[in-house]
$ cat final_37.csv   # CSV, C-alpha atoms
chain,number,residue,atom,x,y,z
A,1,MET,CA,-141.0,-7.1,11.5
A,2,LYS,CA,-141.5,-5.0,8.4
A,3,ASN,CA,-138.6,-3.2,6.8
A,4,TYR,CA,-139.0,0.2,5.1
A,5,GLU,CA,-139.3,-1.2,1.5
A,6,GLU,CA,-141.9,-3.7,2.5
A,7,LEU,CA,-144.6,-1.2,3.5
A,8,ASN,CA,-147.9,-1.4,1.6
A,9,GLY,CA,-150.1,1.5,0.4
A,10,LEU,CA,-152.2,1.9,3.5
A,11,GLU,CA,-149.1,1.9,5.7
A,12,LEU,CA,-147.4,4.5,3.6
A,13,ASP,CA,-150.6,6.6,3.6
A,14,THR,CA,-150.6,6.5,7.4
A,15,ILE,CA,-147.0,7.6,7.5
A,16,ARG,CA,-147.8,10.4,5.1
A,17,GLU,CA,-150.7,11.4,7.4
A,18,ILE,CA,-148.3,11.5,10.3
A,19,GLY,CA,-146.0,13.6,8.2
A,20,SER,CA,-148.8,15.9,7.3
A,21,ILE,CA,-149.9,16.5,10.9
A,22,GLY,CA,-146.3,16.8,12.1
A,23,THR,CA,-145.2,19.2,9.5
A,24,GLY,CA,-148.5,21.1,9.8
A,25,ASN,CA,-147.8,21.7,13.5
A,26,ALA,CA,-144.2,22.6,12.8
A,27,ALA,CA,-145.4,25.1,10.2
A,28,THR,CA,-147.7,26.7,12.8
A,29,ALA,CA,-144.8,26.9,15.2
A,30,LEU,CA,-142.5,28.4,12.5
A,31,SER,CA,-145.2,30.9,11.6
A,32,SER,CA,-145.4,32.2,15.2
A,33,ILE,CA,-141.6,32.5,15.5
A,34,LEU,CA,-141.2,34.3,12.3
A,35,ASN,CA,-144.5,36.2,12.6
A,36,CYS,CA,-145.6,35.5,9.1
A,37,GLU,CA,-148.0,33.1,7.3
A,38,VAL,CA,-146.4,29.7,6.7
A,39,ARG,CA,-148.2,27.0,4.7
A,40,ILE,CA,-147.1,23.6,3.7
A,41,ASP,CA,-147.7,21.7,0.5
A,42,MET,CA,-148.3,18.0,0.2
A,43,PRO,CA,-145.9,16.2,2.4
A,44,GLU,CA,-144.0,13.4,0.8
A,45,VAL,CA,-142.8,10.1,2.2
A,46,ARG,CA,-139.8,8.6,0.5
A,47,ILE,CA,-138.0,5.3,0.9
A,48,MET,CA,-134.7,5.5,-0.8
A,49,GLY,CA,-131.4,3.8,-1.1
A,50,TYR,CA,-128.4,5.8,0.4
A,51,ASN,CA,-127.0,7.2,-2.8
A,52,GLU,CA,-130.5,8.0,-4.2
A,53,ALA,CA,-131.3,9.9,-1.0
A,54,ILE,CA,-128.2,12.0,-1.3
A,55,GLU,CA,-129.0,12.9,-5.0
A,56,TRP,CA,-132.6,13.7,-4.0
A,57,ILE,CA,-131.5,16.2,-1.4
A,58,GLY,CA,-129.3,18.0,-3.9
A,59,GLY,CA,-125.9,16.3,-4.2
A,60,PRO,CA,-123.3,15.2,-1.6
A,61,GLU,CA,-120.9,18.2,-1.5
A,62,VAL,CA,-123.4,21.0,-1.1
A,63,ILE,CA,-122.9,22.8,2.2
A,64,THR,CA,-125.9,22.9,4.4
A,65,ALA,CA,-126.9,23.3,8.1
A,66,GLY,CA,-128.5,20.5,10.0
A,67,VAL,CA,-130.2,20.3,13.4
A,68,LEU,CA,-130.3,16.8,14.8
A,69,VAL,CA,-132.3,15.4,17.7
A,70,HIS,CA,-132.4,11.9,18.9
A,71,MET,CA,-135.7,10.4,20.0
A,72,SER,CA,-136.0,7.7,22.6
A,73,GLY,CA,-138.7,6.1,24.7
A,74,GLU,CA,-141.4,4.2,22.9
A,75,ILE,CA,-140.1,5.4,19.6
A,76,ASN,CA,-136.4,5.4,18.8
A,77,GLY,CA,-135.0,7.3,15.9
A,78,ILE,CA,-133.4,10.5,14.6
A,79,MET,CA,-135.0,13.7,13.5
A,80,LEU,CA,-133.1,16.0,11.3
A,81,SER,CA,-133.9,19.5,10.1
A,82,VAL,CA,-131.9,20.1,7.0
A,83,GLN,CA,-131.7,23.9,6.5
A,84,GLN,CA,-130.6,24.8,3.0
A,85,LEU,CA,-129.5,28.4,2.3
A,86,GLU,CA,-132.9,29.6,1.2
A,87,PHE,CA,-134.5,28.5,4.4
A,88,VAL,CA,-131.6,29.9,6.5
A,89,ASN,CA,-132.1,33.3,4.8
A,90,MET,CA,-135.9,33.2,5.4
A,91,VAL,CA,-135.3,32.7,9.1
A,92,LEU,CA,-132.4,35.3,9.4
A,93,GLU,CA,-134.3,37.9,7.4
A,94,ARG,CA,-137.3,37.7,9.7
A,95,MET,CA,-135.4,37.3,13.0
A,96,MET,CA,-132.2,39.3,12.4
A,97,GLY,CA,-133.2,41.5,9.5
A,98,ARG,CA,-130.3,40.4,7.3
A,99,THR,CA,-129.4,37.6,4.9
A,100,ILE,CA,-126.2,35.8,4.1
A,101,SER,CA,-124.6,34.6,0.9
A,102,SER,CA,-122.6,31.7,2.4
A,103,TYR,CA,-122.6,29.7,5.6
A,104,GLU,CA,-119.3,31.2,6.6
A,105,GLU,CA,-121.0,34.4,7.4
A,106,LEU,CA,-123.1,32.8,10.2
A,107,THR,CA,-122.5,34.4,13.6
A,108,GLU,CA,-122.8,32.7,16.9
A,109,LEU,CA,-126.2,34.4,17.3
A,110,ASP,CA,-127.4,33.3,13.9
A,111,ARG,CA,-126.4,29.7,14.7
A,112,SER,CA,-128.3,29.7,17.9
A,113,ALA,CA,-131.4,31.2,16.1
A,114,LEU,CA,-131.2,28.3,13.6
A,115,VAL,CA,-130.8,25.7,16.2
A,116,GLU,CA,-133.7,27.1,18.1
A,117,VAL,CA,-135.9,27.2,15.0
A,118,GLY,CA,-134.9,23.6,14.1
A,119,ASN,CA,-135.5,22.4,17.6
A,120,ILE,CA,-138.9,24.0,17.9
A,121,MET,CA,-140.0,22.5,14.6
A,122,ILE,CA,-138.7,19.1,15.5
A,123,SER,CA,-140.3,19.2,19.0
A,124,THR,CA,-143.6,20.3,17.6
A,125,PHE,CA,-143.5,17.5,15.0
A,126,VAL,CA,-142.7,14.9,17.6
A,127,ASN,CA,-145.3,16.2,20.1
A,128,ALA,CA,-148.0,15.9,17.4
A,129,LEU,CA,-146.8,12.4,16.6
A,130,SER,CA,-146.8,11.4,20.2
A,131,GLY,CA,-150.3,12.8,20.7
A,132,LEU,CA,-151.6,11.0,17.7
A,133,ALA,CA,-150.2,7.6,18.7
A,134,GLU,CA,-150.6,8.1,22.4
A,135,ILE,CA,-147.0,7.4,23.2
A,136,THR,CA,-144.3,9.2,25.1
A,137,THR,CA,-141.0,10.2,23.5
A,138,ARG,CA,-137.9,11.9,24.9
A,139,LEU,CA,-135.8,14.2,22.9
A,140,THR,CA,-132.1,15.0,23.3
A,141,VAL,CA,-130.6,18.5,23.3
A,142,PRO,CA,-130.3,19.5,19.6
A,143,ALA,CA,-126.9,19.3,17.9
A,144,PHE,CA,-125.9,21.6,15.1
A,145,ALA,CA,-123.5,21.2,12.2
A,146,VAL,CA,-122.7,23.1,9.0
A,147,ASP,CA,-121.0,20.8,6.5
A,148,MET,CA,-121.5,18.7,3.3
A,149,GLN,CA,-125.0,17.5,3.2
A,150,GLY,CA,-124.0,14.0,2.1
A,151,ALA,CA,-122.2,13.6,5.4
A,152,ILE,CA,-125.1,15.0,7.4
A,153,LEU,CA,-127.6,12.8,5.8
A,154,ALA,CA,-125.3,9.8,6.4
A,155,VAL,CA,-125.8,10.2,10.1
A,156,PRO,CA,-129.3,8.6,10.3
A,157,MET,CA,-128.2,6.2,7.6
A,158,ALA,CA,-125.2,4.9,9.7
A,159,GLU,CA,-127.4,4.8,12.8
A,160,PHE,CA,-129.8,2.3,11.2
A,161,GLY,CA,-127.5,0.9,8.5
A,162,GLY,CA,-127.3,-2.4,10.3
A,163,GLN,CA,-131.0,-2.8,9.9
A,164,SER,CA,-131.7,-1.6,6.5
A,165,ASP,CA,-130.3,-0.6,3.1
A,166,TYR,CA,-132.9,2.1,2.9
A,167,ILE,CA,-133.7,5.3,4.6
A,168,MET,CA,-137.2,6.7,5.1
A,169,THR,CA,-137.7,10.4,5.0
A,170,ILE,CA,-140.8,12.5,5.6
A,171,GLY,CA,-140.5,16.0,4.3
A,172,ALA,CA,-142.5,19.0,3.0
A,173,ASN,CA,-142.1,22.3,1.4
A,174,PHE,CA,-142.9,25.4,3.4
A,175,ILE,CA,-144.5,28.3,1.7
A,176,CYS,CA,-143.8,31.6,3.3
A,177,HIS,CA,-145.2,34.7,1.7
A,178,HIS,CA,-146.3,32.7,-1.3
A,179,GLN,CA,-142.7,31.7,-1.8
A,180,ALA,CA,-141.9,28.0,-1.6
A,181,VAL,CA,-138.9,27.3,0.6
A,182,PRO,CA,-137.8,23.7,0.8
A,183,CYS,CA,-137.5,22.6,4.4
A,184,ARG,CA,-136.5,19.0,4.9
A,185,LEU,CA,-137.8,17.8,8.2
A,186,LEU,CA,-136.6,14.2,8.2
A,187,LEU,CA,-138.0,11.6,10.6
A,188,SER,CA,-136.0,8.4,10.6
A,189,PRO,CA,-137.5,5.9,13.1
A,190,ASP,CA,-135.7,2.6,13.5
A,191,ILE,CA,-137.4,-0.5,12.1
A,192,ARG,CA,-138.8,-1.7,15.4
A,193,SER,CA,-140.3,1.8,16.2
A,194,LEU,CA,-141.8,2.0,12.8
A,195,ASN,CA,-143.6,-1.3,13.3
A,196,PHE,CA,-144.6,-0.3,16.8
A,197,LEU,CA,-146.0,3.0,15.5
A,198,LEU,CA,-148.0,1.4,12.7
A,199,LYS,CA,-149.4,-1.2,15.1
A,200,LYS,CA,-150.4,1.6,17.6
A,201,LEU,CA,-152.2,3.3,14.8
A,202,GLY,CA,-153.9,0.1,13.9
A,203,VAL,CA,-152.7,-0.3,10.3
A,204,LEU,CA,-149.9,-2.8,10.5
A,205,ASP,CA,-150.8,-5.5,8.0
A,206,GLY,CA,-150.4,-9.2,8.6
A,207,GLN,CA,-148.9,-9.4,12.1
B,1,MET,CA,-109.2,14.8,-19.2
B,2,VAL,CA,-108.7,12.3,-16.4
B,3,ASN,CA,-111.2,9.6,-16.2
B,4,LYS,CA,-113.2,10.0,-13.0
B,5,LEU,CA,-114.9,7.2,-11.2
B,6,VAL,CA,-117.4,8.1,-8.5
B,7,VAL,CA,-117.7,5.7,-5.5
B,8,GLY,CA,-121.1,5.9,-3.7
B,9,ILE,CA,-121.9,4.8,-0.1
B,10,ALA,CA,-121.4,1.1,0.4
B,11,ASP,CA,-119.7,0.9,-3.0
B,12,MET,CA,-116.3,0.1,-4.5
B,13,LYS,CA,-114.6,1.0,-7.8
B,14,MET,CA,-111.3,-0.2,-9.2
B,15,ALA,CA,-109.1,1.4,-11.8
B,16,ARG,CA,-105.8,0.5,-13.5
B,17,ASN,CA,-102.9,2.6,-14.8
B,18,GLU,CA,-104.7,5.9,-14.8
B,19,GLY,CA,-107.8,7.8,-13.7
B,20,MET,CA,-109.2,9.3,-10.5
B,21,LEU,CA,-111.2,7.5,-7.9
B,22,ILE,CA,-113.4,9.8,-5.9
B,23,THR,CA,-115.9,9.5,-3.0
B,24,TYR,CA,-117.9,12.4,-1.7
B,25,ALA,CA,-118.8,13.6,1.7
B,26,LEU,CA,-117.3,11.0,4.1
B,27,GLY,CA,-118.8,11.9,7.5
B,28,SER,CA,-118.6,9.0,9.9
B,29,CYS,CA,-118.0,6.7,7.0
B,30,VAL,CA,-114.5,5.7,6.0
B,31,GLY,CA,-113.0,5.7,2.5
B,32,ILE,CA,-110.2,3.1,2.1
B,33,CYS,CA,-107.8,3.4,-0.9
B,34,LEU,CA,-106.0,0.1,-1.6
B,35,TYR,CA,-103.2,0.2,-4.1
B,36,ASP,CA,-100.7,-2.1,-5.7
B,37,PRO,CA,-98.0,0.3,-7.1
B,38,LEU,CA,-96.3,-2.3,-9.2
B,39,ILE,CA,-99.2,-3.0,-11.5
B,40,ARG,CA,-100.9,0.4,-10.7
B,41,LEU,CA,-104.1,-1.2,-9.6
B,42,ALA,CA,-106.2,1.0,-7.3
B,43,ALA,CA,-109.5,0.4,-5.5
B,44,LEU,CA,-111.5,2.7,-3.3
B,45,VAL,CA,-114.2,1.4,-1.0
B,46,HIS,CA,-116.6,3.6,1.0
B,47,VAL,CA,-117.8,1.8,4.1
B,48,MET,CA,-120.4,3.0,6.6
B,49,LEU,CA,-120.3,0.6,9.6
B,50,PRO,CA,-117.5,-1.2,11.4
B,51,ILE,CA,-118.5,-4.9,11.5
B,52,ASN,CA,-120.8,-7.0,9.4
B,53,MET,CA,-123.3,-8.8,11.5
B,54,GLU,CA,-125.9,-9.4,8.9
B,55,THR,CA,-127.0,-13.0,8.5
B,56,ASN,CA,-127.3,-13.2,4.8
B,57,ARG,CA,-124.6,-10.7,3.9
B,58,LYS,CA,-126.3,-9.0,1.0
B,59,THR,CA,-124.1,-5.9,1.1
B,60,PRO,CA,-120.5,-6.7,2.1
B,61,LEU,CA,-119.3,-3.3,1.0
B,62,LYS,CA,-121.3,-1.5,3.6
B,63,TYR,CA,-119.0,-2.8,6.4
B,64,ALA,CA,-115.3,-2.2,7.0
B,65,ASP,CA,-114.4,-5.9,7.6
B,66,THR,CA,-116.2,-7.5,4.7
B,67,GLY,CA,-115.7,-4.4,2.5
B,68,ILE,CA,-111.9,-4.5,2.8
B,69,ARG,CA,-111.8,-8.3,2.3
B,70,GLU,CA,-114.1,-8.3,-0.7
B,71,THR,CA,-112.0,-5.5,-2.3
B,72,LEU,CA,-108.8,-7.4,-1.7
B,73,ARG,CA,-110.3,-10.5,-3.2
B,74,GLN,CA,-111.3,-8.7,-6.3
B,75,MET,CA,-107.9,-6.9,-6.5
B,76,GLU,CA,-106.1,-10.3,-6.3
B,77,GLY,CA,-108.4,-11.5,-9.0
B,78,ARG,CA,-107.0,-8.8,-11.2
B,79,GLY,CA,-103.4,-9.7,-10.5
B,80,ALA,CA,-102.5,-7.7,-7.3
B,81,ALA,CA,-100.2,-9.3,-4.8
B,82,ARG,CA,-101.0,-9.1,-1.1
B,83,PRO,CA,-97.5,-8.1,0.1
B,84,ARG,CA,-97.4,-5.1,-2.4
B,85,ILE,CA,-100.8,-3.7,-1.5
B,86,VAL,CA,-100.7,-0.5,0.6
B,87,ALA,CA,-103.6,1.5,2.1
B,88,LYS,CA,-104.5,5.1,2.7
B,89,ILE,CA,-107.7,6.0,4.6
B,90,ALA,CA,-109.8,9.0,5.4
B,91,GLY,CA,-113.1,9.7,7.2
B,92,GLY,CA,-114.4,8.6,10.6
B,93,ALA,CA,-115.5,12.1,11.7
B,94,ARG,CA,-118.1,13.0,14.3
B,95,MET,CA,-120.6,15.1,12.6
B,96,PHE,CA,-122.8,16.0,15.5
B,97,GLU,CA,-121.9,16.6,19.2
B,98,VAL,CA,-124.9,14.6,20.7
B,99,THR,CA,-125.2,14.3,24.4
B,100,GLY,CA,-126.8,11.1,25.6
B,101,GLY,CA,-127.4,9.9,22.0
B,102,GLY,CA,-126.2,6.4,22.4
B,103,SER,CA,-123.5,5.1,20.1
B,104,LEU,CA,-124.2,7.8,17.4
B,105,GLY,CA,-121.2,9.9,18.0
B,106,ASN,CA,-118.8,7.0,18.1
B,107,ILE,CA,-119.6,5.4,14.8
B,108,GLY,CA,-116.8,7.2,13.1
B,109,MET,CA,-114.3,6.2,15.7
B,110,ARG,CA,-115.4,2.6,15.6
B,111,ASN,CA,-115.2,2.6,11.8
B,112,VAL,CA,-111.6,3.7,12.0
B,113,GLU,CA,-110.7,1.2,14.7
B,114,SER,CA,-112.3,-1.6,12.7
B,115,THR,CA,-110.5,-0.5,9.5
B,116,HIS,CA,-107.1,-0.5,11.3
B,117,MET,CA,-107.8,-4.0,12.7
B,118,VAL,CA,-108.9,-5.5,9.4
B,119,LEU,CA,-105.9,-4.0,7.6
B,120,ARG,CA,-103.5,-5.4,10.2
B,121,ARG,CA,-105.1,-8.9,10.1
B,122,GLU,CA,-105.0,-8.9,6.3
B,123,GLY,CA,-101.3,-7.9,6.3
B,124,ILE,CA,-101.9,-4.6,4.5
B,125,ARG,CA,-99.6,-1.7,5.3
B,126,LEU,CA,-101.4,1.5,6.2
B,127,LEU,CA,-99.3,4.3,4.7
B,128,ARG,CA,-101.2,7.5,5.6
B,129,GLU,CA,-104.5,8.5,7.1
B,130,ASP,CA,-106.6,11.5,7.7
B,131,VAL,CA,-109.3,10.5,10.2
B,132,GLY,CA,-111.4,11.7,13.1
B,133,GLY,CA,-112.3,15.3,13.8
B,134,THR,CA,-115.7,16.9,13.1
B,135,THR,CA,-115.6,17.8,9.4
B,136,ALA,CA,-116.8,15.9,6.3
B,137,ARG,CA,-114.2,14.8,3.7
B,138,THR,CA,-114.2,14.2,0.0
B,139,LEU,CA,-111.5,11.7,-0.8
B,140,LEU,CA,-109.8,11.5,-4.2
B,141,PHE,CA,-107.2,9.0,-5.3
B,142,ASP,CA,-105.0,9.4,-8.3
B,143,VAL,CA,-104.4,6.0,-9.8
B,144,GLU,CA,-101.2,6.9,-11.7
B,145,SER,CA,-99.3,8.5,-8.9
B,146,GLY,CA,-100.9,6.7,-5.9
B,147,GLN,CA,-101.6,10.0,-4.3
B,148,ALA,CA,-104.6,10.7,-2.2
B,149,CYS,CA,-106.3,14.1,-1.7
B,150,VAL,CA,-108.8,15.2,0.9
B,151,ARG,CA,-111.2,18.1,0.4
B,152,SER,CA,-113.1,19.5,3.4
B,153,TYR,CA,-115.4,22.5,4.0
B,154,GLY,CA,-113.5,25.6,5.2
B,155,LYS,CA,-110.1,23.9,5.1
B,156,PRO,CA,-107.2,23.8,2.6
B,157,GLU,CA,-106.8,20.6,0.5
B,158,LEU,CA,-104.7,17.9,2.0
B,159,ILE,CA,-102.5,15.8,-0.2
B,160,PHE,CA,-101.1,12.6,1.2
$ encode --input "final_37.csv" --output "structure tokens"
Amino acid sequence: MKNYEELNGLELDTIREIGSIGTGNAATALSSILNCEVRIDMPEVRIMGYNEAIEWIGGPEVITAGVLVHMSGEINGIMLSVQQLEFVNMVLERMMGRTISSYEELTELDRSALVEVGNIMISTFVNALSGLAEITTRLTVPAFAVDMQGAILAVPMAEFGGQSDYIMTIGANFICHHQAVPCRLLLSPDIRSLNFLLKKLGVLDGQ
Amino acid sequence: MVNKLVVGIADMKMARNEGMLITYALGSCVGICLYDPLIRLAALVHVMLPINMETNRKTPLKYADTGIRETLRQMEGRGAARPRIVAKIAGGARMFEVTGGGSLGNIGMRNVESTHMVLRREGIRLLREDVGGTTARTLLFDVESGQACVRSYGKPELIF
């Protein structure tokens, strides 16, 4: 069984490719919801220590919205859509015709729009992944929270904390109307699922 | 200017006489302040999981049981006496309401239960706590006064 930090170049490239296909599909879905052109830049795969991951996402105390879905079946893990204010405003502007300056202004309707957008992006990502590896995956109903992003990011960490001191994230920037909006779509499979996935795709080295 | 020491996840810091120990964004994690008021030695440990079941135990501070014991050991190494040490804890929230998501939603609660149990076994008096709920907490501990403070999103500061 290979842990996150033991992956070689080919394995990381494969995960990056999964990320590319997944986020590409998610961008297409987002584009049709928002009715505007959405592109993605180069997706990145990162394997980080806990505290490093929190710095990378922009500091622990910054308030953010998160949509979280649990995957089970042949792949177990968590998928998280971290929606920073810029992204929230892009969605609200296109769907509701307004923007907000802080999360406290979110109405019930805004929240369900954000959950729905997050859920559709996550489901599209997971569907693309499942098609690619020919596996079946079940998803839970999405959960939504607005809070400090350090605590939101700690959810997948705690879930797999017994297996690893690292967290793997796959993310990309979305470019909507030539404006780059960071959208962190984070896939955190557990170690067993990661190995299973790499084996399925025929790239797992040395087992 | 008060000297500020930031405690990360699965991390512990100690300070004597004065200064501020701080750990950010405790979600399901638990922050445990341990304090010997006589010699004004304080430690803050940020644990993520309830029980250490790792075979080689590389990161004792990630778990409530080994994290508290390791912290107590280091405090005693610097002159703290077990009967004087008191504790204040915060954290153990449930960040997402997940249906059918396995143990996910309960990690916070289990962290708090494990912390209670370990403190009791080690004979440490738990003075105050701010645990559970659904919001993240930033925990600050003032070494000079032994006072803890919790900051959450959309709530007034809580001093205890």
$ closest_residue --input "final_37.csv" --among "B:Ala25, B:Leu38, B:Arg120, B:Lys4" --to "Gly146 of chain B" --atoms "only C-alpha atoms"
B:Leu38
$ atom_distance --input "final_37.csv" --atom1 "atom CA of Ile120 of chain A" --atom2 "atom CA of Pro142 of chain A"
9.9 Å
$ closest_residue --input "final_37.csv" --among "A:Gly202, A:Gly9, A:Gly24, A:Gly150" --to "chain B" --atoms "only C-alpha atoms"
A:Gly150
$ atom_distance --input "final_37.csv" --atom1 "atom CA of Val91 of chain A" --atom2 "atom CA of Leu114 of chain A"
7.5 Å
$ interface_residues --input "final_37.csv" --of "chain A" --to "chain B" --cutoff "8 Å" --atoms "only C-alpha atoms" --output "list in words"
Tyr50, Asn51, Pro60, Glu61, Ile63, Leu68, His70, Thr140, Val141, Pro142, Ala143, Phe144, Ala145, Asp147, Met148, Gln149, Gly150, Ala151, Ile152, Ala154, Val155, Ala158, Glu159, Gly161 and Gly162 of chain A
$ write_last_selection --input "final_37.csv" --atoms "C-alpha atoms" --output "JSON list (two decimals), in the frame of the given file"
[["chain", "number", "residue", "atom", "x", "y", "z"],
["A", 50, "TYR", "CA", -128.40, 5.80, 0.40],
["A", 51, "ASN", "CA", -127.00, 7.20, -2.80],
["A", 60, "PRO", "CA", -123.30, 15.20, -1.60],
["A", 61, "GLU", "CA", -120.90, 18.20, -1.50],
["A", 63, "ILE", "CA", -122.90, 22.80, 2.20],
["A", 68, "LEU", "CA", -130.30, 16.80, 14.80],
["A", 70, "HIS", "CA", -132.40, 11.90, 18.90],
["A", 140, "THR", "CA", -132.10, 15.00, 23.30],
["A", 141, "VAL", "CA", -130.60, 18.50, 23.30],
["A", 142, "PRO", "CA", -130.30, 19.50, 19.60],
["A", 143, "ALA", "CA", -126.90, 19.30, 17.90],
["A", 144, "PHE", "CA", -125.90, 21.60, 15.10],
["A", 145, "ALA", "CA", -123.50, 21.20, 12.20],
["A", 147, "ASP", "CA", -121.00, 20.80, 6.50],
["A", 148, "MET", "CA", -121.50, 18.70, 3.30],
["A", 149, "GLN", "CA", -125.00, 17.50, 3.20],
["A", 150, "GLY", "CA", -124.00, 14.00, 2.10],
["A", 151, "ALA", "CA", -122.20, 13.60, 5.40],
["A", 152, "ILE", "CA", -125.10, 15.00, 7.40],
["A", 154, "ALA", "CA", -125.30, 9.80, 6.40],
["A", 155, "VAL", "CA", -125.80, 10.20, 10.10],
["A", 158, "ALA", "CA", -125.20, 4.90, 9.70],
["A", 159, "GLU", "CA", -127.40, 4.80, 12.80],
["A", 161, "GLY", "CA", -127.50, 0.90, 8.50],
["A", 162, "GLY", "CA", -127.30, -2.40, 10.30]]
$ atom_distance --input "final_37.csv" --atom1 "atom CA of Thr115 of chain B" --atom2 "atom CA of Lys88 of chain B"
10.7 Å
$ residues_near_point --input "final_37.csv" --point "(-153.2, 6.0, 18.7)" --cutoff "12 Å" --atoms "all atoms listed in the file" --output "list in words"
Thr14, Ile18, Ala128, Leu129, Ser130, Gly131, Leu132, Ala133, Glu134, Ile135, Thr136, Phe196, Leu197, Leu198, Lys199, Lys200, Leu201, Gly202 and Val203 of chain A
$ closest_residue --input "final_37.csv" --among "B:Thr71, B:Ala81, B:Val143, B:Pro156" --to "Asn17 of chain B" --atoms "all atoms listed in the file"
B:Val143
$ residues_around --input "final_37.csv" --residues "segment 163-178 of chain A" --least-positions-apart "3" --cutoff "7 Å" --atoms "only C-alpha atoms" --output "list in words"
Tyr4, Gly19, Glu37, Val38, Arg39, Ile40, Asp41, Met42, Pro43, Glu44, Val45, Arg46, Ile47, Met48, Gly49, Tyr50, Met157, Phe160, Val181, Pro182, Cys183, Arg184, Leu185, Leu186, Leu187 and Ser188 of chain A
$ decode --input "final_37.csv" --residues "segment 122-127 of chain B" --atoms "all heavy atoms" --output "JSON list (two decimals), in the first residue's frame"
[["chain", "number", "residue", "atom", "x", "y", "z"],
["B", 122, "GLU", "N", -5.13, 10.67, 34.10],
["B", 122, "GLU", "CA", -3.85, 11.28, 34.47],
["B", 122, "GLU", "C", -4.00, 12.14, 35.72],
["B", 122, "GLU", "O", -3.03, 12.75, 36.16],
["B", 122, "GLU", "CB", -3.31, 12.13, 33.32],
["B", 122, "GLU", "CG", -3.00, 11.35, 32.04],
["B", 122, "GLU", "CD", -1.93, 10.28, 32.25],
["B", 122, "GLU", "OE1", -0.94, 10.56, 32.93],
["B", 122, "GLU", "OE2", -2.10, 9.16, 31.72],
["B", 123, "GLY", "N", -5.22, 12.21, 36.25],
["B", 123, "GLY", "CA", -5.44, 12.97, 37.48],
["B", 123, "GLY", "C", -5.36, 14.48, 37.29],
["B", 123, "GLY", "O", -4.93, 15.21, 38.18],
["B", 124, "ILE", "N", -5.77, 14.96, 36.11],
["B", 124, "ILE", "CA", -5.75, 16.39, 35.84],
["B", 124, "ILE", "C", -7.16, 16.94, 35.98],
["B", 124, "ILE", "O", -8.11, 16.39, 35.43],
["B", 124, "ILE", "CB", -5.26, 16.67, 34.39],
["B", 124, "ILE", "CG1", -3.91, 16.04, 34.14],
["B", 124, "ILE", "CG2", -5.23, 18.18, 34.12],
["B", 124, "ILE", "CD1", -2.79, 16.54, 35.00],
["B", 125, "ARG", "N", -7.30, 18.03, 36.74],
["B", 125, "ARG", "CA", -8.60, 18.64, 36.95],
["B", 125, "ARG", "C", -9.00, 19.48, 35.74],
["B", 125, "ARG", "O", -8.24, 20.33, 35.29],
["B", 125, "ARG", "CB", -8.54, 19.52, 38.21],
["B", 125, "ARG", "CG", -9.84, 19.71, 38.93],
["B", 125, "ARG", "CD", -9.58, 19.87, 40.43],
["B", 125, "ARG", "NE", -8.46, 20.78, 40.68],
["B", 125, "ARG", "CZ", -8.61, 22.10, 40.87],
["B", 125, "ARG", "NH1", -9.81, 22.65, 40.86],
["B", 125, "ARG", "NH2", -7.57, 22.88, 41.09],
["B", 126, "LEU", "N", -10.19, 19.21, 35.21],
["B", 126, "LEU", "CA", -10.69, 19.99, 34.08],
["B", 126, "LEU", "C", -11.50, 21.16, 34.63],
["B", 126, "LEU", "O", -12.56, 20.98, 35.21],
["B", 126, "LEU", "CB", -11.57, 19.11, 33.18],
["B", 126, "LEU", "CG", -12.23, 19.80, 31.99],
["B", 126, "LEU", "CD1", -11.20, 20.36, 31.03],
["B", 126, "LEU", "CD2", -13.14, 18.83, 31.24],
["B", 127, "LEU", "N", -10.97, 22.38, 34.50],
["B", 127, "LEU", "CA", -11.62, 23.55, 35.08],
["B", 127, "LEU", "C", -12.83, 24.00, 34.27],
["B", 127, "LEU", "O", -13.93, 24.18, 34.80],
["B", 127, "LEU", "CB", -10.64, 24.72, 35.18],
["B", 127, "LEU", "CG", -9.57, 24.65, 36.26],
["B", 127, "LEU", "CD1", -8.83, 25.97, 36.31],
["B", 127, "LEU", "CD2", -10.16, 24.33, 37.62]]
